[in-house]
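Trainee: First the structure, then my questions, so here it is.
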Amino acid sequence: MFPGPGESLSVLRGWMKGLQEVCSVGMQPWMAMRSMSRDSSVAERSLSPGTRRRVLTYAAPYRAAIIAFLAVVVLDSVLVVTVPLLIKSLVDDGVIPKDSSVVVRLSLVVAAIALVDAVLTVISRWYSSRIGEGLINDLRTQVFGHVLRQPIAFFTRAQTGSLVSRLNNDVVGAQQAFTSVLSNVVSNIVSVVLVVGAMLALSWQLTLGSLLLVPLFLVPAKLMGRRLASLAHRQMTLNADMGTRMTERFNVAGALLVKLFGQPAREEAEYAERAGRVRDIGIQIALNRTIFMTALTLVAALATAMVYGFGGVMAVNGTLSVGTLLALAALLARLYGPLTSLSNVRVDIMTALISFERVFEVLDLEPLVKERPGAVSLPDGPLGVELDHVSFRYPSADEVSLASLESVASGDRRGSGVVLHDVTVGAPAGHLIALVGPSGAGKTTLTSLVSRLYDPSEGSVRIGGLDLRDVTMTSLRDRVGVVTQEAHLFHDTIRANLLYARPDATDDEIHAALRAAQISDLVAELPEGLDTVVGDRGHRLSGGEKQRLAIARLLLKAPDVVVLDEATAHLDSESEVAVQRALDAALEGRTSIVIAHRLSTIRQADLIVVLDHGRVVQTGRHSELLAQGGLYADLHATQFDDQAMARAERAPDPVGAQLTP
Ligand SMILES: Nc1ncnc2c1ncn2[C@@H]1O[C@H](COP(=O)(O)OP(=O)(O)OP(=O)(O)O)[C@@H](O)[C@H]1O
């Protein structure tokens with residue numbers, strides 16, 4: 001019934017091999033290896049309840065795209081299986097009976113399928129990227145907004161670098177659930193079912209025979225996968241270790257330390273040792289990967305050889321057609337990759353779900369400081385500030401940070417002790433309150449309560465008679481301006497930095513603010529004026545210049561309440577005069593709370609509040625407090641008098657002269 005194979009078989013074999021390679025999905029061994037080398041311990045982890053349902057809510061907007069995507073993937077898998085069957089007919093009904101019209105017709109069908117397959121691949125990639133990237137986009141924007149809304153304590157606790165990289169990894173991991181896992185699981189299941197079904201229909205004996213080799217492959221593959229996962233994990237740690245060392249040594253402060261104290265040769269040797277470990281593990285990983293891939297190809301090749309061997313004999317004996325033999329071999333090539341991936345499907349899905357869970361954990365973090373529903377705006381007109389029996393302790397890491405960041409968060413997880421004890425201070429509208437006290441007394445802490453970076457643990461902070469917890473964040477940010485000691489500027493133009501305070505300010509208003517802050521001459525001299533880029537990687541400004549720009553930013557906002565931390569750094573007399581004038585402009589007519597380091601500010605103050613160990617120990621005006629003696633008089637003698645003397649020794653300056661007793 002079947003003509004002897006003869007030389008037509010050998011010709012066809014070469015042709016088929018090429019065809020097999022084209023038709024089989026070239027990525028499969030790689031995908032299988034990636035899947036096998038995932039950390040399999042995740043499969044045993046339990047997810048928090050509702051995670052799966054919540055993931056589906058993110059998929060909901062893409063429902064139509066997902067259905068279309070899956071339909072394309074299934075169709076593609078079906079097409080891939082039809083090709084070997086067509087080859088069977090082509091050989092059995094065309095080549096062997098020497099009917100060239102059948103050969104031509106079926107070749108054209110195979111070509112058409114290849115064309116459709118190519119189109120489907122592009123369409124499925126288009127869908128999967130739309131779904132995946134869309135999902136990443138949704139999650140990213142949501143997480144960014146949510147993290148920004150966290151209190152400042154969150155940022156002081158969480159290591160920003162690890163938070164950012166973790167979030168990036170997790171968001172990308174979560175995306176993979178929808179693209180690679182979803183498509184791989186569906187297409188692999190369809191492929192395996194169709195391929196095994198077709199093979200069984202062609203020859204159940206040969207199919208069962210070739211499937212016997214599967215467990216022989218899967219067990220070592222699983223072990224090898226586990227080894228690869230642990231190697232990859234070690235590689236990541238070693239790389240991070242090397243990276244940290246590099247960043248630490250290459251930033252200005254670190255480089256300076258190396259220059260002054262370090263021994264470059266020792267540094268180099270240490271670095272070489274770390275880099276060496278990275279190299280060794282890289283070689284191991286490459287070797288293990290190759291062994292894995294080669295083993296996969298080898299088992300598939302052995303199975304194919306077996307099919308050719310037994311099937312060939314059957315063909316010689318006339319119990320199997322040549323076409324069936326070729327089709328079986330081609331089908332077999334499509335079996336091992338999907339089977340391997342499916343054996344690890346639970347680990348794949350759990351890895352993706354755990355990424356989602358971690359992102360949800362961030363999204364579920366309740367900000368400690370937040371606007372309550374029904375919050376109101378601060379009343380119009382001048383505003384007074386009152387602290388009413390305020391006590392405060394800094395929150396612990398557990399209150400503000402993430403459980404899953406625990407492993408990377410450093411240091412102390414406890415909160416602080418009580419930092420402010422029963423503080424009652426009042427600043428009527430338009431008054432200037434100067435805070436003084438030794439280092440660590442709680443001055444900065446007190447000012448951060450006024451700008452509501454934290455809420456007090458007990459008592460209340462009121463502005464314009466309203467408890468800050470009842471006030472909208474927008475109105476608070478609009479009406480309360482803060483200048484910190486270390487004025488921070490974004491890496492952006494001067495104009496953009498200033499507009500950050502009030503995006504609708506006109507150029508005229510900007511120039512007026514710069515003039516009042518005594519910085520307009522400097523800005524005018526810069527080559528690009530307002531469009532000069534400043535900040536970390538831009539034009540370098542001196543401490544005094546930065547502070548004056550920060551004051552200009554504040555003036556532009558024109559808040560009713562000003563919270564100011566005066567710079568302690570000694571500026572040269574010219575800068576000092578300029579900063580002082582800028583400050584006078586900033587404080588003029590506003591309710592101000594100033595951590596005072598300058599005698600001039602202290603003299604101007606309507607009330608001086610002396611803090612020590614978180615308690616108010618003295619209040620009054622300069623002369624009263626001096627007369628009283630005690631801590632203020634001591635501070636005056638040690639801190640402020642130095643400044644007064646220093647100023648008196650400097651070249652005459654109008655502001656200083658005016659304020660010197
Ligand atoms: N984020 C924080 N978490 C925990 N404790 C903190 C935090 N910030 C400050 N503290 C503690 O609170 C206390 C008061 O600090 P604060 O910065 O308010 O003092 P200060 O009077 O402004 O000091 P200085 O004049 O040196 O700036 C200190 O004991 C400090 O260790």
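Order determines the names: the first chain of the structure tokens is A, the second B, and so forth; residues in each chain are numbered 1 upward, and ligands are numbered 1 upward as they are shown.
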Ligand 1: which residues are within 6 Å, counting only C-alpha atoms and all ligand atoms, as a list of chain:residue names?

Mentor: A:Tyr394, A:Ser416, A:Val419, A:Ser439, A:Gly440, A:Ala441, A:Gly442, A:Lys443, A:Thr444, A:Thr445

Trainee: When you look at A:Val533 with a cut-off of 12 Å (counting only C-alpha atoms), what residues show up, excluding the ones that are within fewer than 3 positions of it in the same chain? I need them as a list in words.

Mentor: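 So, after excluding close chain neighbours, the residues are Leu489, Phe490, His491, Asp492, Thr493, Ile494, Arg495, Ala496, Asn497, Leu498, Val523, Leu526, Pro527, Glu528, Gly529, Leu530, Asp536, Arg537, Gly538, His539, Arg540 and Leu541 of chain A.
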
Trainee: Check the DSSP output for the backbone and give back, as a PyMOL selection string, the residues of stretch 442-646 of chain A in strand (DSSP E).

Mentor: chain A and resi 458-463+466-467+480-483+492-493+533-534+561-565+591-595+607-612+615-620

Trainee: Deliver the residues from the most recent selection as a file, using C-alpha atoms, as a CSV table (one decimal), in the first residue's frame.

Mentor:
chain,number,residue,atom,x,y,z
A,458,GLU,CA,-2.0,65.2,71.7
A,459,GLY,CA,-3.5,68.7,71.7
A,460,SER,CA,-4.1,70.7,68.5
A,461,VAL,CA,-2.5,73.1,66.1
A,462,ARG,CA,-4.8,75.8,64.9
A,463,ILE,CA,-4.5,78.4,62.2
A,466,LEU,CA,-9.3,76.1,62.7
A,467,ASP,CA,-7.7,72.8,63.8
A,480,VAL,CA,1.4,78.6,54.8
A,481,GLY,CA,4.8,79.1,53.3
A,482,VAL,CA,7.9,77.3,54.5
A,483,VAL,CA,11.6,78.1,53.9
A,492,ASP,CA,15.0,72.5,36.3
A,493,THR,CA,15.0,76.2,35.2
A,533,VAL,CA,18.9,75.2,34.7
A,534,VAL,CA,19.8,74.9,38.4
A,561,VAL,CA,1.8,82.4,57.5
A,562,VAL,CA,5.6,81.9,57.1
A,563,VAL,CA,7.6,79.2,58.7
A,564,LEU,CA,11.3,79.8,58.4
A,565,ASP,CA,14.4,78.0,59.4
A,591,THR,CA,2.4,85.8,60.9
A,592,SER,CA,5.9,84.2,61.2
A,593,ILE,CA,7.4,81.4,63.1
A,594,VAL,CA,11.1,81.5,62.8
A,595,ILE,CA,13.8,79.2,64.1
A,607,LEU,CA,7.7,86.8,71.3
A,608,ILE,CA,10.7,84.6,71.8
A,609,VAL,CA,9.9,81.0,72.8
A,610,VAL,CA,12.8,79.1,74.4
A,611,LEU,CA,12.6,75.4,74.0
A,612,ASP,CA,14.6,72.8,75.9
A,615,ARG,CA,9.3,71.9,76.6
A,616,VAL,CA,8.7,75.6,76.6
A,617,VAL,CA,11.0,76.9,79.4
A,618,GLN,CA,10.8,80.6,78.8
A,619,THR,CA,8.8,83.1,76.8
A,620,GLY,CA,9.1,86.9,76.4

Trainee: How would you write, as number ranges by chain, the set of residues in stretch 317-456 of chain A that DSSP gives as alpha helix (DSSP H)?

Mentor: A: 317, 322-333, 336-343, 345-363, 397-400, 443-450

Trainee: Within 12 Å of A:Ala558, counting only C-alpha atoms, which residues qualify if same-chain residues fewer than 6 places away don't, as an MDAnalysis selection string?

Mentor: chainID A and resid 382 477:482 501:502 505 509:510 512:513 516 551:552 585:591

Trainee: What would the file look like if the residues just selected were written as a CSV table (one decimal), in the first residue's frame with N, CA and C atoms?

Mentor:
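Saved result, out_16.csv, follows:
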chain,number,residue,atom,x,y,z
A,382,PRO,N,-5.9,87.9,57.5
A,382,PRO,CA,-4.7,87.5,58.2
A,382,PRO,C,-5.0,86.3,59.1
A,477,ARG,N,-1.6,74.6,52.0
A,477,ARG,CA,-0.4,74.8,51.2
A,477,ARG,C,-0.4,76.2,50.6
A,478,ASP,N,-1.6,76.7,50.3
A,478,ASP,CA,-1.6,78.1,49.7
A,478,ASP,C,-1.3,79.1,50.7
A,479,ARG,N,-1.7,78.9,52.0
A,479,ARG,CA,-1.6,80.0,52.9
A,479,ARG,C,-0.4,79.9,53.9
A,480,VAL,N,0.2,78.8,53.9
A,480,VAL,CA,1.4,78.6,54.8
A,480,VAL,C,2.6,78.4,54.0
A,481,GLY,N,3.6,79.2,54.1
A,481,GLY,CA,4.8,79.1,53.3
A,481,GLY,C,6.0,78.7,54.2
A,482,VAL,N,6.8,77.8,53.7
A,482,VAL,CA,7.9,77.3,54.5
A,482,VAL,C,9.2,77.5,53.7
A,501,ALA,N,5.7,77.2,43.0
A,501,ALA,CA,4.9,77.7,44.2
A,501,ALA,C,3.6,78.3,43.6
A,502,ARG,N,3.6,78.9,42.4
A,502,ARG,CA,2.4,79.4,41.9
A,502,ARG,C,2.4,79.4,40.4
A,505,ALA,N,1.9,82.5,38.0
A,505,ALA,CA,2.5,83.8,38.2
A,505,ALA,C,3.0,84.3,36.8
A,509,GLU,N,5.6,89.4,37.9
A,509,GLU,CA,5.5,89.0,39.3
A,509,GLU,C,6.8,88.2,39.7
A,510,ILE,N,7.3,87.4,38.8
A,510,ILE,CA,8.5,86.7,39.1
A,510,ILE,C,9.6,87.6,39.4
A,512,ALA,N,9.5,90.8,40.3
A,512,ALA,CA,9.2,91.5,41.5
A,512,ALA,C,9.7,90.7,42.7
A,513,ALA,N,9.4,89.4,42.7
A,513,ALA,CA,9.7,88.5,43.8
A,513,ALA,C,11.2,88.4,43.9
A,516,ALA,N,12.6,91.5,45.4
A,516,ALA,CA,12.4,91.6,46.8
A,516,ALA,C,13.3,90.6,47.6
A,551,ILE,N,13.4,82.1,49.0
A,551,ILE,CA,12.6,83.2,49.6
A,551,ILE,C,11.8,83.8,48.4
A,552,ALA,N,12.4,83.9,47.2
A,552,ALA,CA,11.7,84.5,46.1
A,552,ALA,C,10.5,83.6,45.8
A,585,ALA,N,11.7,91.1,53.7
A,585,ALA,CA,10.6,91.2,52.8
A,585,ALA,C,9.6,90.1,53.0
A,586,ALA,N,10.2,88.9,53.3
A,586,ALA,CA,9.4,87.7,53.4
A,586,ALA,C,8.5,87.8,54.6
A,587,LEU,N,9.0,88.3,55.7
A,587,LEU,CA,8.3,88.3,57.0
A,587,LEU,C,7.3,89.5,57.1
A,588,GLU,N,7.6,90.5,56.4
A,588,GLU,CA,6.8,91.8,56.5
A,588,GLU,C,5.3,91.5,56.5
A,589,GLY,N,4.7,91.9,57.6
A,589,GLY,CA,3.2,91.9,57.7
A,589,GLY,C,2.7,90.5,57.8
A,590,ARG,N,3.5,89.4,57.9
A,590,ARG,CA,3.0,88.1,57.9
A,590,ARG,C,3.1,87.5,59.3
A,591,THR,N,2.3,86.5,59.6
A,591,THR,CA,2.4,85.8,60.9
A,591,THR,C,3.6,84.9,60.6

Trainee: Excluding A:Phe310 and its own-chain neighbours fewer than 3 positions away, which residues fall within 12 Å of it when counting only C-alpha atoms? Please give them as a list in words.

Mentor: Ser203, Gln205, Leu206, Thr207, Gly209, Ser210, Ala303, Thr304, Ala305, Met306, Val307, Val313, Met314, Ala315, Val316, Asn317, Thr319, Leu320, Leu325, Leu328 and Ala329 of chain A

Trainee: Near A:Val258, within 9 Å and counting only C-alpha atoms, which residues show up once chain neighbours fewer than 5 positions away are dropped, as a ChimeraX atom specification?

Mentor: /A:249,253,263-264,267

Trainee: Any chance you can output those residues with N, CA, C and O atoms as a short mmCIF file (atom, residue, chain, number, x, y, z; two decimals), in the first residue's frame?

Mentor:
data_model
loop_
_atom_site.label_atom_id
_atom_site.label_comp_id
_atom_site.auth_asym_id
_atom_site.auth_seq_id
_atom_site.Cartn_x
_atom_site.Cartn_y
_atom_site.Cartn_z
N ARG A 249 31.26 55.30 46.65
CA ARG A 249 32.60 55.86 46.43
C ARG A 249 32.59 56.97 45.40
O ARG A 249 33.47 57.81 45.37
N ALA A 253 30.82 63.21 48.44
CA ALA A 253 31.24 63.04 49.82
C ALA A 253 32.11 61.79 49.96
O ALA A 253 33.16 61.82 50.62
N GLN A 263 42.89 54.29 50.87
CA GLN A 263 44.04 53.87 50.10
C GLN A 263 43.50 53.33 48.80
O GLN A 263 42.89 52.26 48.80
N PRO A 264 43.72 54.06 47.72
CA PRO A 264 43.13 53.65 46.44
C PRO A 264 43.46 52.20 46.09
O PRO A 264 42.61 51.48 45.58
N GLU A 267 41.11 50.01 48.00
CA GLU A 267 39.76 50.14 47.44
C GLU A 267 39.65 49.32 46.15
O GLU A 267 38.68 48.62 45.93
#

Trainee: Write out as JSON, numbers by chain the residues lying within 8 Å of A:Leu549, counting only C-alpha atoms and excluding same-chain residues fewer than 6 positions away.

Mentor: {"A": [498, 514, 517, 519]}

Trainee: Write out as a PyMOL selection string which residues come within 12 Å of A:Ala201 when counting only C-alpha atoms, dropping same-chain ones fewer than 3 positions away.

Mentor: chain A and resi 85+194-198+204-208+324+327-328+331

Trainee: What does the file look like for those residues with all heavy atoms, as an mmCIF file, in the first residue's frame?

Mentor:
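Below is the file selection-v9.cif, written as the result:
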data_model
loop_
_atom_site.group_PDB
_atom_site.id
_atom_site.type_symbol
_atom_site.label_atom_id
_atom_site.label_comp_id
_atom_site.auth_asym_id
_atom_site.auth_seq_id
_atom_site.Cartn_x
_atom_site.Cartn_y
_atom_site.Cartn_z
ATOM 1 N N LEU A 85 0.086 18.322 9.682
ATOM 2 C CA LEU A 85 -0.934 17.458 9.090
ATOM 3 C C LEU A 85 -1.019 17.679 7.580
ATOM 4 O O LEU A 85 -1.213 16.742 6.807
ATOM 5 C CB LEU A 85 -2.289 17.713 9.755
ATOM 6 C CG LEU A 85 -2.306 17.429 11.270
ATOM 7 C CD1 LEU A 85 -3.673 17.737 11.864
ATOM 8 C CD2 LEU A 85 -1.919 15.981 11.559
ATOM 9 N N LEU A 194 -3.769 19.839 21.421
ATOM 10 C CA LEU A 194 -3.892 19.588 19.985
ATOM 11 C C LEU A 194 -2.775 18.680 19.465
ATOM 12 O O LEU A 194 -3.007 17.757 18.685
ATOM 13 C CB LEU A 194 -3.882 20.912 19.217
ATOM 14 C CG LEU A 194 -5.136 21.775 19.380
ATOM 15 C CD1 LEU A 194 -4.975 23.071 18.612
ATOM 16 C CD2 LEU A 194 -6.362 21.032 18.875
ATOM 17 N N VAL A 195 -1.548 18.967 19.926
ATOM 18 C CA VAL A 195 -0.408 18.190 19.428
ATOM 19 C C VAL A 195 -0.559 16.723 19.836
ATOM 20 O O VAL A 195 -0.459 15.805 19.007
ATOM 21 C CB VAL A 195 0.927 18.767 19.956
ATOM 22 C CG1 VAL A 195 2.071 17.803 19.698
ATOM 23 C CG2 VAL A 195 1.211 20.097 19.292
ATOM 24 N N VAL A 196 -0.859 16.500 21.151
ATOM 25 C CA VAL A 196 -0.989 15.111 21.617
ATOM 26 C C VAL A 196 -2.158 14.437 20.895
ATOM 27 O O VAL A 196 -2.038 13.286 20.442
ATOM 28 C CB VAL A 196 -1.155 15.056 23.158
ATOM 29 C CG1 VAL A 196 -1.471 13.639 23.622
ATOM 30 C CG2 VAL A 196 0.111 15.551 23.834
ATOM 31 N N GLY A 197 -3.262 15.177 20.756
ATOM 32 C CA GLY A 197 -4.433 14.622 20.067
ATOM 33 C C GLY A 197 -4.076 14.201 18.640
ATOM 34 O O GLY A 197 -4.343 13.071 18.214
ATOM 35 N N ALA A 198 -3.396 15.105 17.929
ATOM 36 C CA ALA A 198 -3.050 14.819 16.535
ATOM 37 C C ALA A 198 -2.082 13.643 16.455
ATOM 38 O O ALA A 198 -2.219 12.749 15.603
ATOM 39 C CB ALA A 198 -2.422 16.053 15.904
ATOM 40 N N TRP A 204 -0.753 5.951 17.832
ATOM 41 C CA TRP A 204 -0.746 6.003 19.295
ATOM 42 C C TRP A 204 0.493 5.330 19.868
ATOM 43 O O TRP A 204 1.032 5.731 20.879
ATOM 44 C CB TRP A 204 -2.037 5.448 19.876
ATOM 45 C CG TRP A 204 -2.293 3.975 19.594
ATOM 46 C CD1 TRP A 204 -2.996 3.463 18.566
ATOM 47 C CD2 TRP A 204 -1.817 2.882 20.370
ATOM 48 N NE1 TRP A 204 -3.008 2.114 18.624
ATOM 49 C CE2 TRP A 204 -2.295 1.711 19.738
ATOM 50 C CE3 TRP A 204 -1.061 2.751 21.537
ATOM 51 C CZ2 TRP A 204 -2.024 0.441 20.222
ATOM 52 C CZ3 TRP A 204 -0.800 1.486 22.027
ATOM 53 C CH2 TRP A 204 -1.271 0.336 21.366
ATOM 54 N N GLN A 205 1.009 4.305 19.138
ATOM 55 C CA GLN A 205 2.175 3.602 19.685
ATOM 56 C C GLN A 205 3.382 4.535 19.742
ATOM 57 O O GLN A 205 4.046 4.650 20.777
ATOM 58 C CB GLN A 205 2.549 2.394 18.806
ATOM 59 C CG GLN A 205 1.480 1.346 18.676
ATOM 60 C CD GLN A 205 0.636 1.562 17.421
ATOM 61 O OE1 GLN A 205 0.399 2.698 17.005
ATOM 62 N NE2 GLN A 205 0.149 0.471 16.819
ATOM 63 N N LEU A 206 3.632 5.208 18.629
ATOM 64 C CA LEU A 206 4.792 6.101 18.585
ATOM 65 C C LEU A 206 4.634 7.267 19.558
ATOM 66 O O LEU A 206 5.592 7.711 20.190
ATOM 67 C CB LEU A 206 4.977 6.652 17.168
ATOM 68 C CG LEU A 206 5.730 5.741 16.209
ATOM 69 C CD1 LEU A 206 5.882 6.416 14.857
ATOM 70 C CD2 LEU A 206 7.112 5.428 16.782
ATOM 71 N N THR A 207 3.387 7.760 19.681
ATOM 72 C CA THR A 207 3.142 8.888 20.587
ATOM 73 C C THR A 207 3.465 8.487 22.021
ATOM 74 O O THR A 207 4.199 9.190 22.727
ATOM 75 C CB THR A 207 1.666 9.323 20.495
ATOM 76 O OG1 THR A 207 1.332 9.498 19.140
ATOM 77 C CG2 THR A 207 1.415 10.592 21.281
ATOM 78 N N LEU A 208 2.924 7.356 22.456
ATOM 79 C CA LEU A 208 3.175 6.935 23.833
ATOM 80 C C LEU A 208 4.665 6.703 24.041
ATOM 81 O O LEU A 208 5.227 7.111 25.065
ATOM 82 C CB LEU A 208 2.389 5.651 24.149
ATOM 83 C CG LEU A 208 0.877 5.849 24.259
ATOM 84 C CD1 LEU A 208 0.200 4.561 24.713
ATOM 85 C CD2 LEU A 208 0.551 6.966 25.245
ATOM 86 N N THR A 324 2.957 10.382 7.501
ATOM 87 C CA THR A 324 2.627 10.320 8.930
ATOM 88 C C THR A 324 3.902 10.418 9.760
ATOM 89 O O THR A 324 3.944 11.114 10.778
ATOM 90 C CB THR A 324 1.906 8.992 9.238
ATOM 91 O OG1 THR A 324 0.861 8.825 8.296
ATOM 92 C CG2 THR A 324 1.351 8.977 10.636
ATOM 93 N N ALA A 327 5.010 13.945 9.795
ATOM 94 C CA ALA A 327 4.103 14.778 10.593
ATOM 95 C C ALA A 327 4.341 14.540 12.074
ATOM 96 O O ALA A 327 4.379 15.480 12.875
ATOM 97 C CB ALA A 327 2.658 14.451 10.229
ATOM 98 N N LEU A 328 4.550 13.268 12.452
ATOM 99 C CA LEU A 328 4.796 12.964 13.870
ATOM 100 C C LEU A 328 6.060 13.656 14.366
ATOM 101 O O LEU A 328 6.074 14.243 15.451
ATOM 102 C CB LEU A 328 4.943 11.451 14.042
ATOM 103 C CG LEU A 328 3.636 10.670 14.200
ATOM 104 C CD1 LEU A 328 3.899 9.182 14.145
ATOM 105 C CD2 LEU A 328 2.954 11.039 15.506
ATOM 106 N N LEU A 331 5.384 17.300 14.787
ATOM 107 C CA LEU A 331 4.528 17.596 15.942
ATOM 108 C C LEU A 331 5.312 17.499 17.251
ATOM 109 O O LEU A 331 5.140 18.302 18.163
ATOM 110 C CB LEU A 331 3.336 16.624 15.978
ATOM 111 C CG LEU A 331 2.234 16.931 14.965
ATOM 112 C CD1 LEU A 331 1.259 15.774 14.865
ATOM 113 C CD2 LEU A 331 1.487 18.212 15.357
#

Trainee: Point out the residue among A:Ile123, A:Leu625, A:Leu106, A:Val376 with the least atom-to-atom distance to A:Phe69, counting only C-alpha atoms.

Mentor: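 Once distances to A:Phe69 are computed over only C-alpha atoms, the minimum belongs to A:Ile123.
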
Trainee: Tell me, in Å to one decimal, how far atom CA of A:Ala487 is from atom CA of A:Glu248.

Mentor: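 Result for atom CA of A:Ala487 versus atom CA of A:Glu248: 23.6 Å, one decimal.
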
Trainee: Write out, as a tab-separated table, each residue of stretch 55-127 of chain A that has an atom at most 12 Å from stretch 133-151 of chain A, together with the closest pair of atoms and their distance in Å to one decimal, counting only C-alpha atoms, rows going by chain and rising number.

Mentor:
residue	atom	partner	partner_atom	distance
A:Val55	CA	A:Leu135	CA	10.4
A:Leu56	CA	A:Leu135	CA	11.3
A:Thr57	CA	A:Leu135	CA	10.9
A:Tyr58	CA	A:Leu135	CA	7.2
A:Ala59	CA	A:Leu135	CA	7.6
A:Ala60	CA	A:Leu135	CA	10.3
A:Pro61	CA	A:Leu135	CA	9.2
A:Tyr62	CA	A:Gly134	CA	8.5
A:Arg63	CA	A:Leu135	CA	11.8
A:Ala65	CA	A:Gly134	CA	10.9
A:Ile66	CA	A:Leu135	CA	11.8
A:Arg125	CA	A:Glu133	CA	11.5
A:Trp126	CA	A:Glu133	CA	10.4
A:Tyr127	CA	A:Glu133	CA	9.9

Trainee: Closest to A:Ala114 among A:Thr82, A:Ser391, A:Asn169, A:Ser128, using only C-alpha atoms?

Mentor: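 For A:Ala114, the nearest of the candidates is A:Thr82.
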
Trainee: Which residue gives the smallest distance to A:Met246 among A:Leu378, A:Ala71, A:Ala272, A:Val122, with only C-alpha atoms counted?

Mentor: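 The answer is A:Ala272, which sits nearest to A:Met246.
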
Trainee: Of the candidates A:Ala300, A:Asp93, A:Gly309, A:Asn239, which shows the shortest atom-to-atom distance to A:Ala275, using only C-alpha atoms?

Mentor: A:Asn239

Trainee: Quick one, how far is atom CA of A:Thr472 from atom CA of A:Leu167?

Mentor: 29.1 Å
